[in-house]
Amino acid sequence: MIWRFAYTWTIYTISLLLLLSYHPSTATQDAQQPLQDAQHPLQPAPSQPNIIFILTDDQDLHLDSLSYMPYLKKHLTDQGTSFKRHYCTVALCCPSRVSLWTGKAAHNTNVTDVNPPYGGYPKFLSQGLNEAYLPVWLQELDYETYYVGKLFNAQTVDNYNDPEPAAGWTGSEFLLDPYTYEYLNASFTRNAGPPTSYPGQYSTDLIRSKSFAFLSSALANPSSPFFLTIAPTAPHSNVHQLQGLIHGNFTEKSNIQSPPVPAARHAHLFANVTVPRTPHFNPDSPHGVSWISRLPQQNQTNIDFNDHFYRSRLRALQSVDEMVDELFTRLEEAGVLDETYIFFSTDNGYHIGQHRLQPGKQCAFEEDINIPLIVRGPGIPRGHVSELVTTHTDLAPTFLSLASSSSSYLEEMSEKYAFDGQPIPLHTLLEAESMEHKMEHVNVEMWGIIMSEGKYGSTLYPNHTYKALRVVGEGYSLLYTVWCSGERELYDVLVSGFRHGNAYIPFPPSPPNNVSSTQTPISLARLIPRLNTLLMVLKTCTGRQCTHPWESIHSAGDVHSLKDALNPAFDAFYAGQEEVAFGWCEKGYIPAAEGAVWNDVQAYSFDQGA
């Protein structure tokens, strides 16, 4: 492949800006403030600690939702570490959750949608993953495991135990479709028993009471460590699912969507709050490619509705925030808080009006893939903000690293199950952050269709299939995306976000504006082939190759980052690499449609150098 570009791309050599930082809100007295006290004395980590995981649904980071959760700030943000560069690898509920629980990228789980035939609970079972995910492994380590709330999409009142129930749980209360997203009409299966409906009762409050019942059971058996997941559907939209959705024949009429429903006690809050008017909000010029580039600018009626939708999300999260407060009260009263790890995250991010998009997810933009992760526990720095790049595929290995007292156990598990992530170094964060070589890449995938969730977003768009590469390193922050349509995107997120448009223009009419003396010009002809080669490796990576892809490209081990790869000695090698491209668009992961794949025989050798 010969790459030809006349455009100039710039990479900053100064320290990375606080691009992805939290944005303090002045909306409430308890708004989030800068984190401090990172040098507070750390407690030693227990050998088999209790672990609690709070997993929300579709919660944003970049729309400031965390700023409206004062109890979360009090108990977790201020007392733990926030990972501001944490990413999901699929910005869609079910495939993201499967990757989280298995430690594998979606192209390795082959669960790529929320419904059959390409996703959902039936696909999770048919891929053999019910015997190879986190709760099963934790039980092998003598943990008691509990789960309350949404596990996977398409786990229904008809198939919750057919052909088999979800394995690995000591106690479970799973929400069931088609009622999962009905805030006032939830249906649960307890320990694989017959479904029980709760018409008129608020879903998050039910999850709260059921979770604390399991917590009491776990605390009554102090001889065994426990793992408890609390998974409310807030702030996901309220969805009334119809028959076609459950059986995989999705159309615009498969469900009825409306804003999230708050508990009655919170319905009056945030009356004057609006969606943050960031530079990406409803821009004058369109963003993106494919169907996104054809979206009209939203009118005031549309914007007003989206502001209402946003307020509804914030209100729905208040019940979650109250639950967080009660959780910490119970742990402290039981005397186990200091020996318990508490994680807070979500399955994917969310956009409302950014890039002219109606409410929804599934895009590779930062709003959809950069998501909250906050961790508190023994040995975790307090009030700290980490800039390490982490992903959802890291969570299962991280949980196992906490649960096992054997140094060789995780290595054996990683070899047996080929984890695509790696444990987050929770107890050596400050050291890890100062290391010269850190992970800087995220592989983001998506297949199939997309339909937004707001009043004005009921159009279904096909061919929403892409491979994306997010690179966040020393002085650069890039997003490179290849669509099944053949369209491509490249954004310098550090310098201009998405405001200056798609830089991937093979023959632009004119060069960019002059750059300052603090910038080092890098031509697109040199940059894009390197991003392309990295994406070529990652789109089919397995195991260590997913976390250390440069080892496949440069087998000598002398390249650890994009900065290293930009050595001019490698120009000819990268210019000769095949371009990432799809053969055609598919609704799921069909290898034949995914184009060329990387082979390690393509790796750079010294005789290719200058």
# chains A, B, ... in the order shown; residues from 1 in each chain; ligands from 1

$ residues_around --residues "Gln358 of chain A" --least-positions-apart "3" --cutoff "10 Å" --atoms "only C-alpha atoms" --output "list in words"
Asn282, Leu295, Gln298, Asn302, Ile303, Asn306, His351, Ile352, Gly353, Gln354, His355, Lys361, Met451, Ser452, Glu453, Gly454, Lys455, Tyr456, Gly457 and Ser458 of chain A

$ write_last_selection --atoms "C-alpha atoms" --output "PDB file, in the first residue's frame"
ATOM      1  CA  ASN A 282     -25.050  20.916  18.170  1.00  0.00           C
ATOM      2  CA  LEU A 295     -27.446  14.977  10.526  1.00  0.00           C
ATOM      3  CA  GLN A 298     -31.104  20.560  16.002  1.00  0.00           C
ATOM      4  CA  ASN A 302     -35.389  19.469  19.792  1.00  0.00           C
ATOM      5  CA  ILE A 303     -32.812  21.012  22.140  1.00  0.00           C
ATOM      6  CA  ASN A 306     -32.972  16.877  24.991  1.00  0.00           C
ATOM      7  CA  HIS A 351     -24.198  11.604  24.140  1.00  0.00           C
ATOM      8  CA  ILE A 352     -27.039  14.122  24.033  1.00  0.00           C
ATOM      9  CA  GLY A 353     -26.717  16.731  21.291  1.00  0.00           C
ATOM     10  CA  GLN A 354     -22.955  16.425  20.832  1.00  0.00           C
ATOM     11  CA  HIS A 355     -21.988  16.188  17.149  1.00  0.00           C
ATOM     12  CA  LYS A 361     -24.392   5.729  22.404  1.00  0.00           C
ATOM     13  CA  MET A 451     -31.085   3.999  16.579  1.00  0.00           C
ATOM     14  CA  SER A 452     -31.115   6.923  18.974  1.00  0.00           C
ATOM     15  CA  GLU A 453     -33.314   7.000  22.041  1.00  0.00           C
ATOM     16  CA  GLY A 454     -34.881  10.447  22.134  1.00  0.00           C
ATOM     17  CA  LYS A 455     -38.180  11.741  20.840  1.00  0.00           C
ATOM     18  CA  TYR A 456     -36.529  12.914  17.624  1.00  0.00           C
ATOM     19  CA  GLY A 457     -34.198   9.976  17.098  1.00  0.00           C
ATOM     20  CA  SER A 458     -36.382   7.089  15.953  1.00  0.00           C
TER      21      SER A 458
END

$ select_by_dssp --residues "segment 94-210 of chain A" --states "helix (DSSP H, G or I)" --output "JSON, numbers by chain"
{"A": [94, 95, 96, 97, 98, 99, 100, 101, 102, 106, 107, 108, 109, 120, 121, 122, 123, 124, 125, 126, 129, 130, 131, 134, 135, 136, 137, 138, 139, 140, 203, 204, 205, 206, 207, 208, 209, 210]}

$ residues_around --residues "Leu531 of chain A" --least-positions-apart "4" --cutoff "9 Å" --atoms "only C-alpha atoms" --output "mmCIF file with N, CA and C atoms, in the first residue's frame"
data_model
loop_
_atom_site.group_PDB
_atom_site.id
_atom_site.type_symbol
_atom_site.label_atom_id
_atom_site.label_comp_id
_atom_site.auth_asym_id
_atom_site.auth_seq_id
_atom_site.Cartn_x
_atom_site.Cartn_y
_atom_site.Cartn_z
ATOM 1 N N LEU A 469 -9.467 3.308 16.774
ATOM 2 C CA LEU A 469 -8.254 3.287 17.578
ATOM 3 C C LEU A 469 -8.148 4.612 18.313
ATOM 4 N N VAL A 471 -5.684 6.675 20.799
ATOM 5 C CA VAL A 471 -4.305 6.705 21.268
ATOM 6 C C VAL A 471 -4.115 7.944 22.127
ATOM 7 N N TYR A 480 -8.675 7.461 15.473
ATOM 8 C CA TYR A 480 -8.624 7.022 14.074
ATOM 9 C C TYR A 480 -9.671 5.934 13.884
ATOM 10 N N LEU A 527 2.061 9.676 9.758
ATOM 11 C CA LEU A 527 1.248 9.334 10.918
ATOM 12 C C LEU A 527 0.224 8.244 10.628
ATOM 13 N N LEU A 535 -3.891 -0.420 14.317
ATOM 14 C CA LEU A 535 -5.271 -0.888 14.271
ATOM 15 C C LEU A 535 -5.366 -2.258 13.607
ATOM 16 N N MET A 536 -4.548 -2.514 12.614
ATOM 17 C CA MET A 536 -4.546 -3.821 11.954
ATOM 18 C C MET A 536 -4.224 -4.932 12.948
ATOM 19 N N LEU A 562 3.503 5.085 20.096
ATOM 20 C CA LEU A 562 3.427 5.772 18.807
ATOM 21 C C LEU A 562 4.619 6.709 18.637
#

$ select_by_dssp --residues "segment 38-274 of chain A" --states "strand (DSSP E)" --output "ChimeraX atom specification"
/A:50-56,81-83,86-87,144-149,171-175,185-190,196-199,226-231,238-241,255-258

$ closest_residue --among "A:Phe174, A:Tyr574, A:Tyr589, A:Phe53" --to "Pro95 of chain A" --atoms "only C-alpha atoms"
A:Tyr589

$ closest_residue --among "A:Asp571, A:Glu333, A:Glu436, A:Glu586" --to "Asn463 of chain A" --atoms "only C-alpha atoms"
A:Glu586

$ atom_distance --atom1 "atom CA of Ala91 of chain A" --atom2 "atom CA of Met446 of chain A"
7.5 Å
